[in-house]
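For reference, the structure is listed below as structure tokens.
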Amino acid sequence: MKTIHGNKLAVIMEMKAKALFSKNFIIMPVFAIGFTFIMKLIYGSIAGSGGMNDQLKGMALSYGALMNITMTGIYCVSAALAEEKEKHTLRALMTSSVNGLEFFLGSLIPVIAMVTVVNAVLVPVVGFRMNGVQWAVYISVSLLAAVASGVIGMIFGIFAKNQITAGTLTTPALLVLMMIPMFSGLNAALGKISDFLFTGVMVQIVENMASGSEKLVNASSIIVIVTEIIAAVVCFLVIYRR
């Protein structure tokens, strides 16, 4: 087990946080909030004078959370890592005393925090009401989804030569992780595939809340997310060492 040095971890976290808050990347979480608000307006118009019910609010919330998890967690992380490669700061880190675990955690913690906070902000944006248990489940799954998306973004970032390439490489994954859960309710096959995606689990939990279901999350759903996180982490560490 490699030792984690707090000062090195803090430096990497600070560097990654600055990158996420730069003008190139902060637009994505802001866009997710704006997208959610627009969806609220659209569904509000559909609902008419009766106002939005929980199902419509849940749809707006789940779509906004999907946008945030994928665009902030995957695209921003991969593009930021690709930018470091362009500026040769990544090579300097890899040849320094910073070990893989420190780099991994330092890169992951800021994006987990950003994705989770934005997902929490989306709830009052759509006017969706949650009790304590629902908040706990929603935030917990948002954390797990943020971990999964962040690690996947790091994998794409290592393969990408520059930011343009990062955008090209991540596009298929973004489409799969966003579109399948969005349209899972329209097709049985897509619904089954969505059950095996961490983004699909996120959407399902919000739908369960909106429908008033007592059982918000299944053990199998948590197993899906954890399994995908472990697979992504192992893949990243193998690639980083090479």
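Here's how to read the names in the structure tokens: chain A, B, ... by the order shown, residue numbers from 1 in each chain, ligand numbers from 1 in the order shown.
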Determine, counting only C-alpha atoms, which protein, DNA and RNA residues have an atom within 6 Å of an atom of Ile229 in chain A; residues of the same chain fewer than 3 positions away are not included. Present the result as a tab-separated table (two decimals) with all heavy atoms, in the first residue's frame.
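New file around_10.tsv:
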chain	number	residue	atom	x	y	z
A	148	ALA	N	-17.48	7.31	-10.41
A	148	ALA	CA	-17.43	6.53	-11.65
A	148	ALA	C	-17.13	7.42	-12.85
A	148	ALA	O	-16.25	7.11	-13.67
A	148	ALA	CB	-18.76	5.80	-11.86
A	226	VAL	N	-20.74	0.18	-7.92
A	226	VAL	CA	-19.48	-0.17	-7.27
A	226	VAL	C	-18.60	-1.00	-8.19
A	226	VAL	O	-17.38	-0.79	-8.28
A	226	VAL	CB	-19.74	-0.92	-5.95
A	226	VAL	CG1	-18.42	-1.45	-5.37
A	226	VAL	CG2	-20.41	0.01	-4.94
A	232	ALA	N	-13.12	0.63	-13.39
A	232	ALA	CA	-12.53	1.85	-13.93
A	232	ALA	C	-11.24	2.21	-13.19
A	232	ALA	O	-10.26	2.64	-13.80
A	232	ALA	CB	-13.53	3.00	-13.85
- Tell me which protein, DNA and RNA residues are within 7 Å of range 204-219 of chain A, counting only C-alpha atoms, leaving out same-chain ones fewer than 5 positions away, and put them as a list in words. Asp54, Gln55, Gly58 and Ser62 of chain A
Dump of C-alpha atoms for the selected residues, as a PDB file, in the first residue's frame:
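For reference, selection-v5.pdb as written:
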ATOM      1  CA  ASP A  54     -43.601  15.218  -9.124  1.00  0.00           C
ATOM      2  CA  GLN A  55     -43.138  13.056 -12.224  1.00  0.00           C
ATOM      3  CA  GLY A  58     -38.336  14.220 -11.452  1.00  0.00           C
ATOM      4  CA  SER A  62     -32.840  13.393 -13.629  1.00  0.00           C
TER       5      SER A  62
END
- Task: Do a neighbour search on Thr36 in chain A at 7 Å with only C-alpha atoms, toss out local chain neighbours closer than 3 positions, and write the hits as a PyMOL selection string.
- Result: chain A and resi 32-33+39-40+60-61+64+122
- Item | For Val117 in chain A, the nearest of the candidates A:Leu101, A:Met67, A:Ile223, A:Ile139, counting only C-alpha atoms |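 Among the listed residues, the smallest separation from Val117 in chain A belongs to A:Ile139.
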Residues of range 27-103 of chain A at most 9 Å from range 155-170 of chain A: nearest atom pair and distance in Å, only C-alpha atoms, as JSON lines:
{"residue": "A:Ile74", "atom": "CA", "partner": "A:Thr170", "partner_atom": "CA", "distance": 7.4}
{"residue": "A:Tyr75", "atom": "CA", "partner": "A:Thr170", "partner_atom": "CA", "distance": 6.4}
{"residue": "A:Val77", "atom": "CA", "partner": "A:Gly157", "partner_atom": "CA", "distance": 7.0}
{"residue": "A:Ser78", "atom": "CA", "partner": "A:Gly157", "partner_atom": "CA", "distance": 3.8}
{"residue": "A:Ala79", "atom": "CA", "partner": "A:Gln163", "partner_atom": "CA", "distance": 4.9}
{"residue": "A:Ala80", "atom": "CA", "partner": "A:Gly157", "partner_atom": "CA", "distance": 7.4}
{"residue": "A:Leu81", "atom": "CA", "partner": "A:Gly157", "partner_atom": "CA", "distance": 5.0}
{"residue": "A:Ala82", "atom": "CA", "partner": "A:Asn162", "partner_atom": "CA", "distance": 4.9}
{"residue": "A:Glu83", "atom": "CA", "partner": "A:Gln163", "partner_atom": "CA", "distance": 5.9}
{"residue": "A:Glu84", "atom": "CA", "partner": "A:Asn162", "partner_atom": "CA", "distance": 8.6}
{"residue": "A:Lys85", "atom": "CA", "partner": "A:Lys161", "partner_atom": "CA", "distance": 7.0}
{"residue": "A:Glu86", "atom": "CA", "partner": "A:Asn162", "partner_atom": "CA", "distance": 6.0}
Writing out the chosen residues with N, CA and C atoms as a PDB file, in the first residue's frame:
ATOM      1  N   ILE A  74     -17.039  13.469 -16.747  1.00  0.00           N
ATOM      2  CA  ILE A  74     -16.253  12.779 -17.780  1.00  0.00           C
ATOM      3  C   ILE A  74     -15.535  13.773 -18.692  1.00  0.00           C
ATOM      4  N   TYR A  75     -16.307  14.640 -19.339  1.00  0.00           N
ATOM      5  CA  TYR A  75     -15.687  15.538 -20.316  1.00  0.00           C
ATOM      6  C   TYR A  75     -14.687  16.498 -19.682  1.00  0.00           C
ATOM      7  N   VAL A  77     -13.061  16.390 -16.840  1.00  0.00           N
ATOM      8  CA  VAL A  77     -11.885  15.701 -16.295  1.00  0.00           C
ATOM      9  C   VAL A  77     -10.947  15.257 -17.407  1.00  0.00           C
ATOM     10  N   SER A  78     -11.494  14.673 -18.462  1.00  0.00           N
ATOM     11  CA  SER A  78     -10.647  14.202 -19.568  1.00  0.00           C
ATOM     12  C   SER A  78      -9.978  15.364 -20.283  1.00  0.00           C
ATOM     13  N   ALA A  79     -10.720  16.447 -20.525  1.00  0.00           N
ATOM     14  CA  ALA A  79     -10.157  17.603 -21.213  1.00  0.00           C
ATOM     15  C   ALA A  79      -9.094  18.288 -20.364  1.00  0.00           C
ATOM     16  N   ALA A  80      -9.322  18.357 -19.044  1.00  0.00           N
ATOM     17  CA  ALA A  80      -8.342  18.974 -18.151  1.00  0.00           C
ATOM     18  C   ALA A  80      -7.050  18.163 -18.119  1.00  0.00           C
ATOM     19  N   LEU A  81      -7.184  16.836 -18.098  1.00  0.00           N
ATOM     20  CA  LEU A  81      -6.006  15.973 -18.096  1.00  0.00           C
ATOM     21  C   LEU A  81      -5.264  16.071 -19.426  1.00  0.00           C
ATOM     22  N   ALA A  82      -6.020  16.149 -20.517  1.00  0.00           N
ATOM     23  CA  ALA A  82      -5.401  16.308 -21.835  1.00  0.00           C
ATOM     24  C   ALA A  82      -4.669  17.648 -21.931  1.00  0.00           C
ATOM     25  N   GLU A  83      -5.225  18.665 -21.299  1.00  0.00           N
ATOM     26  CA  GLU A  83      -4.578  19.981 -21.297  1.00  0.00           C
ATOM     27  C   GLU A  83      -3.246  19.922 -20.561  1.00  0.00           C
ATOM     28  N   GLU A  84      -3.204  19.158 -19.474  1.00  0.00           N
ATOM     29  CA  GLU A  84      -1.959  18.993 -18.728  1.00  0.00           C
ATOM     30  C   GLU A  84      -0.901  18.285 -19.581  1.00  0.00           C
ATOM     31  N   LYS A  85      -1.369  17.342 -20.386  1.00  0.00           N
ATOM     32  CA  LYS A  85      -0.436  16.654 -21.279  1.00  0.00           C
ATOM     33  C   LYS A  85       0.125  17.617 -22.314  1.00  0.00           C
ATOM     34  N   GLU A  86      -0.733  18.512 -22.817  1.00  0.00           N
ATOM     35  CA  GLU A  86      -0.281  19.504 -23.799  1.00  0.00           C
ATOM     36  C   GLU A  86       0.757  20.437 -23.200  1.00  0.00           C
TER      37      GLU A  86
END
- Which residue, A:Cys76, A:Ala231, A:Met182, A:Val141, has the smallest gap to Asn24 in chain A when you use only C-alpha atoms? A:Cys76
- Query: Which of these residues is nearest to Pro124 in chain A, using only C-alpha atoms: A:Glu14, A:Phe37, A:Ile46, A:Asn7?
  - Reply: A:Phe37
- Message: Using only C-alpha atoms, which protein or nucleic acid residues come within 9 Å of Ile109 in chain A? Drop anything in the same chain fewer than 3 positions from it, and give the result as a PyMOL selection string.
- Response: chain A and resi 13+16-17+104-106+112-114+147+150
Store the residues of this selection in a file with C-alpha atoms, as a compact mmCIF listing (two decimals), in the first residue's frame.
# COMPACT_ATOMS: atom_id res chain seq x y z
CA MET A 13 -6.21 18.88 -5.46
CA LYS A 16 -7.24 20.22 -10.28
CA ALA A 17 -9.75 22.50 -8.58
CA PHE A 104 -5.59 9.57 -8.55
CA LEU A 105 -7.16 10.90 -5.35
CA GLY A 106 -6.01 14.46 -5.96
CA ILE A 112 -16.57 14.50 -6.90
CA ALA A 113 -17.22 17.58 -4.79
CA MET A 114 -18.27 19.70 -7.77
CA VAL A 147 -16.57 8.75 -8.68
CA GLY A 150 -14.47 11.04 -12.79
- Item | d(CA of Val118 in chain A, CA of Pro181 in chain A) in Å |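 CA of Pro181 in chain A lies 19.5 Å from CA of Val118 in chain A.
For the atom pair formed by CA of Ala136 in chain A and CA of Thr227 in chain A, the distance is 21.0 Å, given to one decimal.
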- Message: So that I can check the surroundings of Ser194 in chain A, please list as a PyMOL selection string every protein, DNA and RNA residue that reaches within 7 Å of it, counting only C-alpha atoms and ignoring chain neighbours fewer than 4 positions away.
- Response: chain A and resi 180-181+184+190+200
- Straight-line distance linking CA of Lys192 in chain A with CA of Pro172 in chain A, stated in Å to one decimal: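 It comes out at 19.3 Å.
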- Closest to Phe21 in chain A among A:Leu41, A:Val111, A:Val234, A:Ala189, using only C-alpha atoms?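 Ranked by minimum distance to Phe21 in chain A, first place goes to A:Val111.
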- From a DSSP pass on the backbone, collect the residues of range 173-241 of chain A flagged as helix (DSSP H, G or I) and hand them back as a PyMOL selection string. chain A and resi 173-182+184-186+188-194+198-211+219-241
